[in-house]
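Report on one structure; see the data block that follows.
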Amino acid sequence: MVQLQTVTVFTGSTEGFRAPPKHAYAIDNDTLKQQPATNFPQLLAQHLPGVALTHEQGNPLQPTLHFNGFAASPLLGTPQGLSVFQDGVRVNEPFGDVVNWDLIPTNAIRSIHLVPITDPVFGLNTLGGAVLLHTEDGLSAPGGDVGMEFGSFGKTSEQARYGTHAGDWSYFFAVQNQHENGFAPYTASSDRSLFGKVTRRANGNDLDFSYTFAKSHLAGSQTLPKQWMNTPTAVYTAPDNIDNQLNFFNLGDTQSLSPHWQLAAQLYLRNSDQSGFNSNVNGNYDGNTTTLGNSVADNVLNGLQQQSRGLSLALHNDNPLFGLGNHASLGMSVDHQSVDFTQIQQAATFTPQRYTVGVGPFDQGPVSLGVRNRYSGVYFTDRLAATPWLDLSAGGRYERANVDMTDRLGGALGGNHSYSRFNPSVGLDLHPSPKASYYLRYAEGMRVPMAVELTCASPDAPCTLPNVLVADPDLHLVIARTAQAGAVWKLGWIRVHAEYTHTQLNNAIQFISLANMTQGYFINIPQELFRTATLDLTSGSERWLWSASISHTVATYESGFQEPSASNSSADANGNIQVQPGNRLPNIPTWSVKLLAQYQPSERLQLHGAVVAYGARYAQGDENNQDNNGRVPGYAVVNLGAQYKLDQHWRLNLSIHNLFNRVYADFGQLGVNEFTGANRSFSSDPATWQNTQFVAPGAPRGIWLGASYAWN
C-alpha cells in the first residue's frame with residue numbers, strides 16, 4: 001500500500017464555515033513552493049483538471065482563467081462565471097465582476113481549492129465554481145525564508161516571508177516584488193505585494209486579522225492578425241497600460257459556544273483603485289481627411305475607484321440528529337460596494353511602429369458614473385450521515401441584489417435594477433467501501449448583471465472597452481442549474497477520480513464584439529449548455545509522484561439568435577450571422593490533457609515536469625462556427641523544473657517554460673486589420689483593410705533560476 005500525498009483543509013475564523021466540499025480539486029503547500037517561476041494562474045492551469053488560460057492582453061499577469069467553460073478574468077467584457085475567495089472574502093471586483101490576479105499575494109498562499117460546481121453557500125455570481133485561496137499564518141508557516149529569481153524576458157523577483165508564534169498569538173508577514181520586460185515590446189510590467197496576519201487561538205476562540213497591500217503596473221500587447229504569427233513578438237497598437245492598487249483588511253472570529261455549537265463572524269474592507277491608458281484604432285474613421293472628429297486612432301484615459309465592505313455571520317452545529325451524525329450551518333451576509341468610474345478620450349494618430357500619438361486634447365466622450373451595489377443573503381446547509389455508507393446534504397440561499405447607477409454628467413447612464421431569488425442545492429455521497437465512493441449533486445446559482453454590462457447593453461449604441469458607456473437597458477438575471485455525478489476509486493496504487501458536470505445557463509450574458517474589436521455591447525442569450533467529463537489519475541511511490549488528467553468540455557448555444565459579425569466570412573450583406581442551437585461557444589477548448597511527474601532521486605534533488613495540451617477552439621465573432629479562417633489550432637507545451645537543496649537552509653530552483661519553443665495561440669477573435677500599409681503601417685484607405693482572425697500568441701521558451709534561504 002502506497003501512502004498518497006494528503007491535503008489538509010484549514011478552516012480558520014476568516015473562512016467561517018465555507019469549507020471546500022469533499023471532492024474539490026486541490027493544490028497543496030508543497031506544490032506551491034516547487035515552481036517559483038510559474039505565476040499563480042499558470043500554476044492552476046498546469047495542476048488542476050479542466051483549467052485553461054487565455055492571454056488576450058499579452059501579459060502573463062492578466063490571463064483569463066477558464067474552468068469547464070466558465071471564466072474568471074481581469075478584462076471587462078468577459079462573461080464572468082467563477083468566484084475567487086481569499087480567506088473567505090470574494091475578491092471579484094464590483095464594477096465588472098473581474099478578478100485582478102496581480103493583486104493576490106501569491107507567496108502568502110497556503111493552499112488552493114477549486115470547487116467544481118455552482119454552490120449557493122458561496123453566494124452571488126458563482127455559476128461554474130469557486131476558487132478558494134487560504135493564506136498562511138504563524139502556526140502553519142513558522143520560521144522564515146527569503147529568495148530571488150531571474151531569467152528570460154528580463155524577469156526579476158524577490159520575496160521574503162516570516163512566521164512566528166508566542167503563547168496564544170501568532171504572526172505572519174510576506175512581501176514580494178517582481179518585474180519583467182515581457183517577450184514583446186511595450187509590455188514591461190511590475191507587481192509588488194505585502195501581506196500580514198495576526199492570529200489568536202485560545203479558550204475555544206479563533207481570531208484572525210489580515211492586511212493585504214498590492215500595487216502593479218501592467219502593459220499589454222493585444223492580439224495580432226494570424227498572418228503576423230511569423231513574428232509573434234510584434235505589437236498591434238501601443239501603449240496599453242493598467243495601474244492597480246489594493247488595500248484589503250479582513251477580520252474573522254470563530255467562537256465555540258458549547259461542545260456542539262460554534263459562531264463565526266467576518267468583517268472586511270477592500271479598496272481597489274485602477275487607472276488605465278489604452279490606444280485604439282478609431283472604428284468610425286471613414287478614410288477621408290483626418291480631423292479631431294475623424295481621427296485614425298483614439299487614446300483613452302480611465303479611472304476606477306472601487307470599495308467593498310461586508311459583514312457575514314454563521315452559526316454551526318454538529319450535534320447528532322436522531323442518533324445520526326449531522327452538521328448544519330445557518331448564515332447571512334451583507335455586502336455594500338461603491339464604484340466611481342471616469343473616462344475621457346483624445347484623437348490620435350499612429351507612428352510607423354503603430355504607437356499612438358495624441359493630436360488633440362482629452363475632451364472627447366467624457367463619462368462619469370457612480371455605482372452603488374447592495375447585496376444581502378441568507379443561507380443554510382445540512383449534511384446528515386443517514387447510514388454508515390450514505391451521507392445526505394441539502395442547502396439553499398436567498399439573495400437580494402440592487403444595482404443603483406448615477407450618471408454624474410446628466411446623461412442616460414443612470415438607473416436602478418433589483419434582483420432576488422432562492423437557489424437550492426441537494427446531494428448524496430455513497431461510500432460503500434474504503435476504496436470507492438460516489439456522489440451526486442444538484443445546485444442552482446445566479447449572477448446579477450454588473451454595472452459595466454447594464455450601461456453597455458444597446459445594439460444601437462455600442463460602447464468601447466475600456467468602456468465608453470452609452471445607455472442603461474435592462475439585462476436579465478443569469479441562472480445556472482447544475483447536475484454533477486462523480487466517483488473516486490483506489491485501484492492499487494492509483495487514485496481515480498471521474499466526474500461529469502452538466503450546467504444549463506438561462507439568460508447568459510455575452511459581449512457581442514463589432515468588427516473593429518474595440519466596440520460592442522452586452523446581450524442576454526436565452527439558453528447555453530455546458531457539459532464536462534473529467535478523468536483524473538494520481539499515484540506515487542517513495543520517489544515518484546505522477547498524475548494524468550483529461551477533460552472534455554462541450555459548451556453550446558441552445559437558443560438561436562442573430563448578431564453582427566461583419567468580419568465573419570459567412571456574414572450576410574448586412575454584416576450579420578445567424579447562430580443556431582448546437583453551435584459552440586468561442587475560446588473554450590474542447591479537450592485539455594495534463595501529464596505531471598515528480599521524481600526525487602535523492603534527498604537533495606527533486607525533478608518535475610509537465611505536458612499541458614489543449615484542443616482547438618472557435619474565435620470570438622465566429623459564434624456560428626462557419627468562418628473560413630477555421631478554428632484556433634490546439635497546442636501542447638512542455639515545462640520542466642528542478643530543485644536542489646544545498647543544505648538545510650539553501651535551495652536552488654530551475655524552471656523552464658515551453659521547452660521546445662512552440663509557437664502557438666491561446667485566444668482568437670475576428671476583426672479588421674487596418675495595418676495593411678508598407679511594413680504593417682496604418683492604411684488610410686479602408687478598401688485595403690482585411691477581415692481576419694486575430695490571435696493571442698503564447699509566450700516563447702523561458703528559463704528562470706532562483707535561490708532561497710530558509711530558517712526555523
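Labeling convention for the C-alpha cells: chains A, B, ... as they appear, residues from 1 per chain, ligands from 1 in order of appearance.
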
| said: Just want the 10 Å neighbourhood of A:Pro320, counted on only C-alpha atoms, with same-chain residues fewer than 5 positions away dropped. Output as a PyMOL selection string. | reply: chain A and resi 260+325-327+384-385

| Members of stretch 35-166 of chain A assigned strand (DSSP E) by DSSP, as JSON, numbers by chain | {"A": [51, 52, 53, 54, 64, 65, 66, 67, 70, 71, 72, 82, 83, 84, 85, 86, 89, 90, 109, 110, 111, 112, 113, 114, 115, 129, 130, 131, 132, 133, 134, 135, 143, 144, 145, 146, 147, 148, 149, 150, 151, 155, 156, 157, 158, 159, 160, 161, 162, 163, 164, 165, 166]}

Surrounding residues of stretch 107-118 of chain A excluding itself and chain neighbours under 4 positions, 6 Å, only C-alpha atoms, as a compact mmCIF listing (two decimals) with N, CA, C and O atoms, in the first residue's frame:
```
# COMPACT_ATOMS: atom_id res chain seq x y z
N ALA A 24 -13.45 18.47 -3.92
CA ALA A 24 -12.88 19.63 -4.61
C ALA A 24 -11.45 19.31 -5.05
O ALA A 24 -10.73 18.54 -4.39
N TYR A 25 -11.02 19.90 -6.16
CA TYR A 25 -9.64 19.76 -6.60
C TYR A 25 -8.75 20.68 -5.75
O TYR A 25 -9.18 21.75 -5.32
N ALA A 26 -7.50 20.26 -5.52
CA ALA A 26 -6.67 21.00 -4.58
C ALA A 26 -5.23 21.09 -5.05
O ALA A 26 -4.73 20.22 -5.77
N ILE A 27 -4.56 22.16 -4.63
CA ILE A 27 -3.11 22.32 -4.76
C ILE A 27 -2.58 22.59 -3.36
O ILE A 27 -3.01 23.56 -2.71
N ASP A 28 -1.67 21.75 -2.89
CA ASP A 28 -1.21 21.89 -1.52
C ASP A 28 0.01 22.81 -1.45
O ASP A 28 0.53 23.30 -2.46
N ASN A 29 0.50 23.00 -0.23
CA ASN A 29 1.57 23.96 0.01
C ASN A 29 2.88 23.52 -0.63
O ASN A 29 3.64 24.35 -1.15
N THR A 126 -21.67 33.04 -8.55
CA THR A 126 -20.87 31.82 -8.64
C THR A 126 -21.63 30.84 -9.51
O THR A 126 -22.50 30.11 -9.04
N LEU A 127 -21.29 30.81 -10.81
CA LEU A 127 -22.04 29.98 -11.75
C LEU A 127 -21.38 28.64 -12.00
O LEU A 127 -22.02 27.60 -11.93
N GLY A 128 -20.09 28.65 -12.31
CA GLY A 128 -19.40 27.43 -12.69
C GLY A 128 -18.50 26.86 -11.61
O GLY A 128 -17.92 25.79 -11.80
N GLY A 129 -18.36 27.56 -10.49
CA GLY A 129 -17.49 27.07 -9.43
C GLY A 129 -16.81 28.21 -8.71
O GLY A 129 -17.08 29.39 -8.97
N ALA A 130 -15.94 27.85 -7.78
CA ALA A 130 -15.25 28.84 -6.96
C ALA A 130 -13.82 28.41 -6.72
O ALA A 130 -13.53 27.22 -6.55
N VAL A 131 -12.91 29.38 -6.70
CA VAL A 131 -11.51 29.17 -6.35
C VAL A 131 -11.32 29.69 -4.93
O VAL A 131 -11.55 30.88 -4.67
N LEU A 132 -10.91 28.81 -4.01
CA LEU A 132 -10.75 29.17 -2.61
C LEU A 132 -9.26 29.24 -2.28
O LEU A 132 -8.54 28.24 -2.41
N LEU A 133 -8.81 30.42 -1.87
CA LEU A 133 -7.40 30.65 -1.51
C LEU A 133 -7.30 30.79 0.00
O LEU A 133 -8.01 31.59 0.60
N HIS A 134 -6.42 30.03 0.61
CA HIS A 134 -6.22 30.08 2.05
C HIS A 134 -4.78 30.54 2.32
O HIS A 134 -3.83 30.00 1.76
N THR A 135 -4.61 31.53 3.16
CA THR A 135 -3.30 32.09 3.41
C THR A 135 -2.64 31.46 4.63
O THR A 135 -3.28 30.83 5.48
N GLU A 136 -1.32 31.66 4.72
CA GLU A 136 -0.53 31.16 5.83
C GLU A 136 -0.80 31.97 7.10
O GLU A 136 -1.35 33.08 7.06
N ALA A 174 4.55 38.55 4.71
CA ALA A 174 5.10 38.15 3.41
C ALA A 174 5.17 39.38 2.51
O ALA A 174 4.21 40.16 2.44
N GLY A 445 -27.54 28.47 -9.07
CA GLY A 445 -26.84 29.72 -8.73
C GLY A 445 -27.34 30.85 -9.61
O GLY A 445 -28.03 30.62 -10.61
```

Would you tabulate, counting only C-alpha atoms, all residues of stretch 286-370 of chain A that have an atom at most 12 Å from an atom of stretch 672-683 of chain A, showing the closest pair of atoms and their distance in Å to one decimal, sorted by chain then ascending number, as CSV?
```
residue,atom,partner,partner_atom,distance
A:Asp286,CA,A:Ser683,CA,11.7
A:Gly287,CA,A:Ser683,CA,8.9
A:Asn288,CA,A:Ser683,CA,11.7
A:Val296,CA,A:Phe682,CA,8.6
A:Ala297,CA,A:Phe682,CA,10.0
A:Thr349,CA,A:Phe682,CA,9.3
A:Phe350,CA,A:Phe682,CA,7.1
A:Thr351,CA,A:Ser681,CA,8.0
A:Pro352,CA,A:Ser681,CA,5.4
A:Gln353,CA,A:Ser681,CA,7.0
A:Arg354,CA,A:Ser681,CA,6.6
A:Tyr355,CA,A:Ser681,CA,10.1
A:Thr356,CA,A:Phe682,CA,10.9
```

Can you pull out the residues contacting A:Val146? Cut-off 8 Å, using only C-alpha atoms, and skip same-chain residues under 6 positions away; I want them as a PDB file with C-alpha atoms, in the first residue's frame.
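Done, and the output landed in part.pdb:
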```pdb
ATOM      1  CA  GLU A 158      12.393  38.965  -4.737  1.00  0.00           C
ATOM      2  CA  GLN A 159      10.321  37.625  -1.860  1.00  0.00           C
ATOM      3  CA  ALA A 160      10.515  37.185   1.904  1.00  0.00           C
ATOM      4  CA  ARG A 161       8.268  35.509   4.490  1.00  0.00           C
ATOM      5  CA  SER A 708      16.271  30.891  -1.458  1.00  0.00           C
ATOM      6  CA  TYR A 709      17.379  30.681   2.165  1.00  0.00           C
ATOM      7  CA  ALA A 710      15.065  29.288   4.868  1.00  0.00           C
TER       8      ALA A 710
END
```

Proximity of stretch 64-168 of chain A to stretch 332-345 of chain A: per-residue shortest pair, 10 Å limit, only C-alpha atoms, as CSV:
```
residue,atom,partner,partner_atom,distance
A:Glu93,CA,A:Gln337,CA,9.2
A:Pro94,CA,A:Gln337,CA,6.4
A:Phe95,CA,A:Val339,CA,6.5
A:Val121,CA,A:Met332,CA,9.9
A:Gly123,CA,A:Ser333,CA,9.0
```

Using only all heavy atoms, please write the residues we just selected to a file, as a PDB file, in the first residue's frame.
```pdb
ATOM      1  N   GLU A  93     -14.118  42.014  -8.489  1.00  0.00           N
ATOM      2  CA  GLU A  93     -14.291  43.450  -8.303  1.00  0.00           C
ATOM      3  C   GLU A  93     -15.731  43.894  -8.595  1.00  0.00           C
ATOM      4  O   GLU A  93     -16.430  43.286  -9.421  1.00  0.00           O
ATOM      5  CB  GLU A  93     -13.320  44.219  -9.195  1.00  0.00           C
ATOM      6  CG  GLU A  93     -11.855  43.877  -8.971  1.00  0.00           C
ATOM      7  CD  GLU A  93     -11.320  44.382  -7.644  1.00  0.00           C
ATOM      8  OE1 GLU A  93     -12.074  45.032  -6.903  1.00  0.00           O
ATOM      9  OE2 GLU A  93     -10.147  44.120  -7.334  1.00  0.00           O
ATOM     10  N   PRO A  94     -16.195  44.986  -7.963  1.00  0.00           N
ATOM     11  CA  PRO A  94     -17.604  45.395  -8.055  1.00  0.00           C
ATOM     12  C   PRO A  94     -18.071  45.843  -9.434  1.00  0.00           C
ATOM     13  O   PRO A  94     -19.228  45.620  -9.781  1.00  0.00           O
ATOM     14  CB  PRO A  94     -17.709  46.556  -7.048  1.00  0.00           C
ATOM     15  CG  PRO A  94     -16.583  46.369  -6.105  1.00  0.00           C
ATOM     16  CD  PRO A  94     -15.484  45.756  -6.914  1.00  0.00           C
ATOM     17  N   PHE A  95     -17.197  46.469 -10.239  1.00  0.00           N
ATOM     18  CA  PHE A  95     -17.676  47.107 -11.466  1.00  0.00           C
ATOM     19  C   PHE A  95     -18.035  46.081 -12.537  1.00  0.00           C
ATOM     20  O   PHE A  95     -19.107  46.128 -13.128  1.00  0.00           O
ATOM     21  CB  PHE A  95     -16.624  48.075 -11.991  1.00  0.00           C
ATOM     22  CG  PHE A  95     -17.105  48.959 -13.105  1.00  0.00           C
ATOM     23  CD1 PHE A  95     -18.345  49.577 -13.047  1.00  0.00           C
ATOM     24  CD2 PHE A  95     -16.312  49.194 -14.221  1.00  0.00           C
ATOM     25  CE1 PHE A  95     -18.793  50.408 -14.076  1.00  0.00           C
ATOM     26  CE2 PHE A  95     -16.740  50.023 -15.244  1.00  0.00           C
ATOM     27  CZ  PHE A  95     -17.980  50.623 -15.176  1.00  0.00           C
ATOM     28  N   VAL A 121     -23.825  28.252  -1.172  1.00  0.00           N
ATOM     29  CA  VAL A 121     -23.070  28.646   0.014  1.00  0.00           C
ATOM     30  C   VAL A 121     -22.072  29.746  -0.325  1.00  0.00           C
ATOM     31  O   VAL A 121     -21.793  30.626   0.492  1.00  0.00           O
ATOM     32  CB  VAL A 121     -22.358  27.425   0.618  1.00  0.00           C
ATOM     33  CG1 VAL A 121     -21.362  27.848   1.688  1.00  0.00           C
ATOM     34  CG2 VAL A 121     -23.376  26.460   1.201  1.00  0.00           C
ATOM     35  N   GLY A 123     -22.462  32.047  -2.557  1.00  0.00           N
ATOM     36  CA  GLY A 123     -23.125  33.311  -2.802  1.00  0.00           C
ATOM     37  C   GLY A 123     -23.255  33.718  -4.244  1.00  0.00           C
ATOM     38  O   GLY A 123     -23.165  32.927  -5.183  1.00  0.00           O
TER      39      GLY A 123
END
```

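Interatomic distance, atom CA of A:Phe40 to atom CA of A:Phe530: 25.8 Å.
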
| remark: atom CA of A:Ser602 sits from atom CA of A:Leu654 at a separation of 16.7 Å

Using DSSP assignments from the backbone, pull out every residue in stretch 381-628 of chain A that falls under helix (DSSP H, G or I) and give it to me as a compact mmCIF listing (two decimals) with N, CA, C and O atoms, in the first residue's frame.
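Result saved to selection21.txt:
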```
# COMPACT_ATOMS: atom_id res chain seq x y z
N ALA A 451 -22.71 46.61 -13.40
CA ALA A 451 -22.93 47.96 -13.91
C ALA A 451 -22.31 48.16 -15.28
O ALA A 451 -22.89 48.81 -16.16
N VAL A 452 -21.13 47.59 -15.50
CA VAL A 452 -20.47 47.77 -16.79
C VAL A 452 -21.27 47.11 -17.90
O VAL A 452 -21.21 47.53 -19.07
N GLU A 453 -22.05 46.08 -17.59
CA GLU A 453 -22.89 45.42 -18.58
C GLU A 453 -24.20 46.16 -18.78
O GLU A 453 -24.67 46.34 -19.91
N LEU A 454 -24.80 46.63 -17.71
CA LEU A 454 -26.07 47.35 -17.81
C LEU A 454 -25.93 48.66 -18.58
O LEU A 454 -26.88 49.11 -19.23
```

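Using only C-alpha atoms, the nearest neighbour of A:Gly182 within the list A:Ile523, A:Gly702, A:Tyr285, A:Gln606 is A:Gly702.
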
| said: Excluding A:Lys435 and its own-chain neighbours fewer than 4 positions away, which residues fall within 12 Å of it when counting only C-alpha atoms? Please give them as a PyMOL selection string. | reply: chain A and resi 430-431+487-497

Put those residues in a file: all heavy atoms, as an mmCIF file, in the first residue's frame.
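Written output follows (again.cif):
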```
data_model
loop_
_atom_site.group_PDB
_atom_site.id
_atom_site.type_symbol
_atom_site.label_atom_id
_atom_site.label_comp_id
_atom_site.auth_asym_id
_atom_site.auth_seq_id
_atom_site.Cartn_x
_atom_site.Cartn_y
_atom_site.Cartn_z
ATOM 1 N N LEU A 430 -22.152 8.323 -1.471
ATOM 2 C CA LEU A 430 -22.143 6.919 -1.104
ATOM 3 C C LEU A 430 -20.697 6.461 -0.981
ATOM 4 O O LEU A 430 -19.884 6.716 -1.887
ATOM 5 C CB LEU A 430 -22.856 6.064 -2.152
ATOM 6 C CG LEU A 430 -24.347 6.319 -2.371
ATOM 7 C CD1 LEU A 430 -24.560 7.324 -3.496
ATOM 8 C CD2 LEU A 430 -25.060 5.013 -2.704
ATOM 9 N N HIS A 431 -20.376 5.789 0.111
ATOM 10 C CA HIS A 431 -19.028 5.274 0.313
ATOM 11 C C HIS A 431 -19.128 3.839 0.826
ATOM 12 O O HIS A 431 -18.929 3.560 2.012
ATOM 13 C CB HIS A 431 -18.238 6.159 1.273
ATOM 14 C CG HIS A 431 -19.068 6.839 2.318
ATOM 15 N ND1 HIS A 431 -19.377 6.257 3.524
ATOM 16 C CD2 HIS A 431 -19.690 8.045 2.321
ATOM 17 C CE1 HIS A 431 -20.126 7.075 4.240
ATOM 18 N NE2 HIS A 431 -20.338 8.166 3.537
ATOM 19 N N ALA A 487 -17.209 9.837 -9.097
ATOM 20 C CA ALA A 487 -16.786 8.647 -8.377
ATOM 21 C C ALA A 487 -15.293 8.722 -8.125
ATOM 22 O O ALA A 487 -14.536 9.281 -8.932
ATOM 23 C CB ALA A 487 -17.119 7.380 -9.169
ATOM 24 N N VAL A 488 -14.872 8.177 -6.989
ATOM 25 C CA VAL A 488 -13.463 8.083 -6.637
ATOM 26 C C VAL A 488 -13.174 6.634 -6.257
ATOM 27 O O VAL A 488 -13.863 6.052 -5.409
ATOM 28 C CB VAL A 488 -13.106 9.014 -5.456
ATOM 29 C CG1 VAL A 488 -11.631 8.871 -5.095
ATOM 30 C CG2 VAL A 488 -13.414 10.468 -5.817
ATOM 31 N N TRP A 489 -12.161 6.073 -6.933
ATOM 32 C CA TRP A 489 -11.754 4.704 -6.635
ATOM 33 C C TRP A 489 -10.266 4.681 -6.292
ATOM 34 O O TRP A 489 -9.485 5.481 -6.822
ATOM 35 C CB TRP A 489 -11.969 3.780 -7.836
ATOM 36 C CG TRP A 489 -13.363 3.687 -8.326
ATOM 37 C CD1 TRP A 489 -14.390 2.953 -7.808
ATOM 38 C CD2 TRP A 489 -13.898 4.335 -9.490
ATOM 39 N NE1 TRP A 489 -15.528 3.104 -8.552
ATOM 40 C CE2 TRP A 489 -15.260 3.947 -9.600
ATOM 41 C CE3 TRP A 489 -13.377 5.206 -10.449
ATOM 42 C CZ2 TRP A 489 -16.085 4.392 -10.620
ATOM 43 C CZ3 TRP A 489 -14.185 5.656 -11.468
ATOM 44 C CH2 TRP A 489 -15.523 5.257 -11.556
ATOM 45 N N LYS A 490 -9.867 3.758 -5.441
ATOM 46 C CA LYS A 490 -8.463 3.456 -5.191
ATOM 47 C C LYS A 490 -8.179 2.083 -5.771
ATOM 48 O O LYS A 490 -8.613 1.057 -5.234
ATOM 49 C CB LYS A 490 -8.161 3.489 -3.698
ATOM 50 C CG LYS A 490 -8.242 4.877 -3.092
ATOM 51 C CD LYS A 490 -7.905 4.869 -1.612
ATOM 52 C CE LYS A 490 -8.010 6.264 -1.023
ATOM 53 N NZ LYS A 490 -7.718 6.269 0.454
ATOM 54 N N LEU A 491 -7.486 2.065 -6.902
ATOM 55 C CA LEU A 491 -7.185 0.833 -7.621
ATOM 56 C C LEU A 491 -5.699 0.547 -7.456
ATOM 57 O O LEU A 491 -4.865 1.037 -8.225
ATOM 58 C CB LEU A 491 -7.551 0.959 -9.102
ATOM 59 C CG LEU A 491 -8.996 1.389 -9.395
ATOM 60 C CD1 LEU A 491 -9.216 1.535 -10.886
ATOM 61 C CD2 LEU A 491 -9.980 0.391 -8.805
ATOM 62 N N GLY A 492 -5.380 -0.204 -6.435
ATOM 63 C CA GLY A 492 -3.973 -0.448 -6.151
ATOM 64 C C GLY A 492 -3.288 0.832 -5.728
ATOM 65 O O GLY A 492 -3.682 1.476 -4.745
ATOM 66 N N TRP A 493 -2.263 1.199 -6.483
ATOM 67 C CA TRP A 493 -1.520 2.419 -6.164
ATOM 68 C C TRP A 493 -2.128 3.658 -6.815
ATOM 69 O O TRP A 493 -1.617 4.758 -6.635
ATOM 70 C CB TRP A 493 -0.069 2.282 -6.636
ATOM 71 C CG TRP A 493 0.726 1.278 -5.865
ATOM 72 C CD1 TRP A 493 0.315 0.552 -4.790
ATOM 73 C CD2 TRP A 493 2.075 0.901 -6.131
ATOM 74 N NE1 TRP A 493 1.330 -0.252 -4.350
ATOM 75 C CE2 TRP A 493 2.432 -0.062 -5.151
ATOM 76 C CE3 TRP A 493 3.027 1.276 -7.072
ATOM 77 C CZ2 TRP A 493 3.687 -0.649 -5.097
ATOM 78 C CZ3 TRP A 493 4.286 0.698 -7.024
ATOM 79 C CH2 TRP A 493 4.609 -0.261 -6.051
ATOM 80 N N ILE A 494 -3.176 3.497 -7.583
ATOM 81 C CA ILE A 494 -3.707 4.615 -8.367
ATOM 82 C C ILE A 494 -5.027 5.090 -7.772
ATOM 83 O O ILE A 494 -5.909 4.288 -7.445
ATOM 84 C CB ILE A 494 -3.917 4.196 -9.836
ATOM 85 C CG1 ILE A 494 -2.599 3.751 -10.463
ATOM 86 C CG2 ILE A 494 -4.511 5.356 -10.640
ATOM 87 C CD1 ILE A 494 -2.734 3.259 -11.885
ATOM 88 N N ARG A 495 -5.150 6.404 -7.665
ATOM 89 C CA ARG A 495 -6.416 7.023 -7.269
ATOM 90 C C ARG A 495 -7.087 7.549 -8.524
ATOM 91 O O ARG A 495 -6.489 8.311 -9.293
ATOM 92 C CB ARG A 495 -6.190 8.165 -6.281
ATOM 93 C CG ARG A 495 -7.466 8.893 -5.848
ATOM 94 C CD ARG A 495 -7.117 10.053 -4.925
ATOM 95 N NE ARG A 495 -8.296 10.754 -4.437
ATOM 96 C CZ ARG A 495 -8.880 11.780 -5.071
ATOM 97 N NH1 ARG A 495 -8.394 12.199 -6.238
ATOM 98 N NH2 ARG A 495 -9.943 12.376 -4.555
ATOM 99 N N VAL A 496 -8.324 7.140 -8.753
ATOM 100 C CA VAL A 496 -9.070 7.524 -9.952
ATOM 101 C C VAL A 496 -10.249 8.402 -9.539
ATOM 102 O O VAL A 496 -11.045 8.016 -8.679
ATOM 103 C CB VAL A 496 -9.586 6.280 -10.703
ATOM 104 C CG1 VAL A 496 -10.345 6.704 -11.961
ATOM 105 C CG2 VAL A 496 -8.441 5.345 -11.051
ATOM 106 N N HIS A 497 -10.342 9.580 -10.148
ATOM 107 C CA HIS A 497 -11.454 10.493 -9.886
ATOM 108 C C HIS A 497 -12.125 10.801 -11.220
ATOM 109 O O HIS A 497 -11.534 11.419 -12.113
ATOM 110 C CB HIS A 497 -10.941 11.785 -9.243
ATOM 111 C CG HIS A 497 -12.033 12.732 -8.841
ATOM 112 N ND1 HIS A 497 -11.776 13.978 -8.289
ATOM 113 C CD2 HIS A 497 -13.391 12.646 -8.903
ATOM 114 C CE1 HIS A 497 -12.913 14.585 -8.024
ATOM 115 N NE2 HIS A 497 -13.909 13.799 -8.401
#
```

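Excluding A:Thr164 itself and same-chain residues fewer than 4 positions from it, the residues having an atom within 9 Å of it are A:Asp137, A:Gly138, A:Leu139, A:Ala141, A:Pro142, A:Gly143, A:Gly144, A:Trp169, A:Ser170, A:Tyr171, A:Phe172, counting only C-alpha atoms.
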
Residue selection dump (N, CA, C and O atoms) as a short mmCIF file (atom, residue, chain, number, x, y, z; two decimals), in the first residue's frame:
```
data_model
loop_
_atom_site.label_atom_id
_atom_site.label_comp_id
_atom_site.auth_asym_id
_atom_site.auth_seq_id
_atom_site.Cartn_x
_atom_site.Cartn_y
_atom_site.Cartn_z
N ASP A 137 -0.36 31.40 8.23
CA ASP A 137 -0.29 32.15 9.47
C ASP A 137 0.96 31.71 10.21
O ASP A 137 1.73 30.85 9.73
N GLY A 138 1.20 32.27 11.39
CA GLY A 138 2.43 31.98 12.11
C GLY A 138 2.53 30.56 12.62
O GLY A 138 3.64 30.08 12.91
N LEU A 139 1.41 29.84 12.73
CA LEU A 139 1.43 28.44 13.15
C LEU A 139 1.67 27.50 11.98
O LEU A 139 2.38 26.50 12.11
N ALA A 141 3.19 28.29 9.11
CA ALA A 141 4.45 28.58 8.43
C ALA A 141 5.43 29.23 9.39
O ALA A 141 5.80 30.41 9.24
N PRO A 142 5.89 28.49 10.42
CA PRO A 142 6.87 29.07 11.34
C PRO A 142 8.24 29.21 10.68
O PRO A 142 8.58 28.47 9.76
N GLY A 143 9.02 30.17 11.15
CA GLY A 143 10.32 30.42 10.55
C GLY A 143 10.22 31.39 9.39
O GLY A 143 9.18 32.04 9.18
N GLY A 144 11.29 31.47 8.63
CA GLY A 144 11.29 32.44 7.55
C GLY A 144 12.02 31.93 6.34
O GLY A 144 12.74 30.92 6.38
N TRP A 169 -0.75 33.70 20.60
CA TRP A 169 -0.69 34.58 19.44
C TRP A 169 0.31 34.06 18.41
O TRP A 169 1.34 33.47 18.75
N SER A 170 0.01 34.32 17.14
CA SER A 170 0.96 34.02 16.07
C SER A 170 0.93 35.16 15.05
O SER A 170 -0.07 35.89 14.94
N TYR A 171 2.04 35.27 14.31
CA TYR A 171 2.22 36.39 13.38
C TYR A 171 2.85 35.85 12.09
O TYR A 171 3.72 34.98 12.12
N PHE A 172 2.39 36.41 10.98
CA PHE A 172 2.95 36.02 9.69
C PHE A 172 3.01 37.25 8.78
O PHE A 172 2.06 38.04 8.72
#
```

| said: Excluding stretch 74-84 of chain A and its own-chain neighbours fewer than 2 positions away, which residues fall within 9 Å of it when counting only C-alpha atoms? Please give them as a PyMOL selection string. | reply: chain A and resi 56-57+62-67+69-72+86+89-93+95-101+118+122-133+447+452-453+465-467+508-512+520-522

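Our summary of the geometry notes that atom CA of A:Val478 is positioned 21.8 Å from atom CA of A:Phe380.
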
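Using only C-alpha atoms, the nearest neighbour of A:Ile703 within the list A:Gly151, A:Asn629, A:Tyr186, A:Phe248 is A:Gly151.
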
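Residue nearest A:Gln620 within the list A:Glu563, A:Asp168, A:Glu603, A:Glu399: A:Glu563 [criterion: smallest interatomic distance, only C-alpha atoms].
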
| query | Of the candidates A:Ser193, A:Val51, A:Ser256, A:Val378, which one gets nearest to A:Thr532 if we count only C-alpha atoms? | reply | A:Val51

| task | Between A:Arg200, A:Gly88, A:Ser425, A:Leu640, single out the one closest to A:Ala265, counting only C-alpha atoms. | result | A:Gly88

| remark: One residue among A:Tyr635, A:Tyr375, A:Phe153, A:Tyr599 is nearest to A:Ser418 when using only C-alpha atoms, and that residue is A:Tyr375
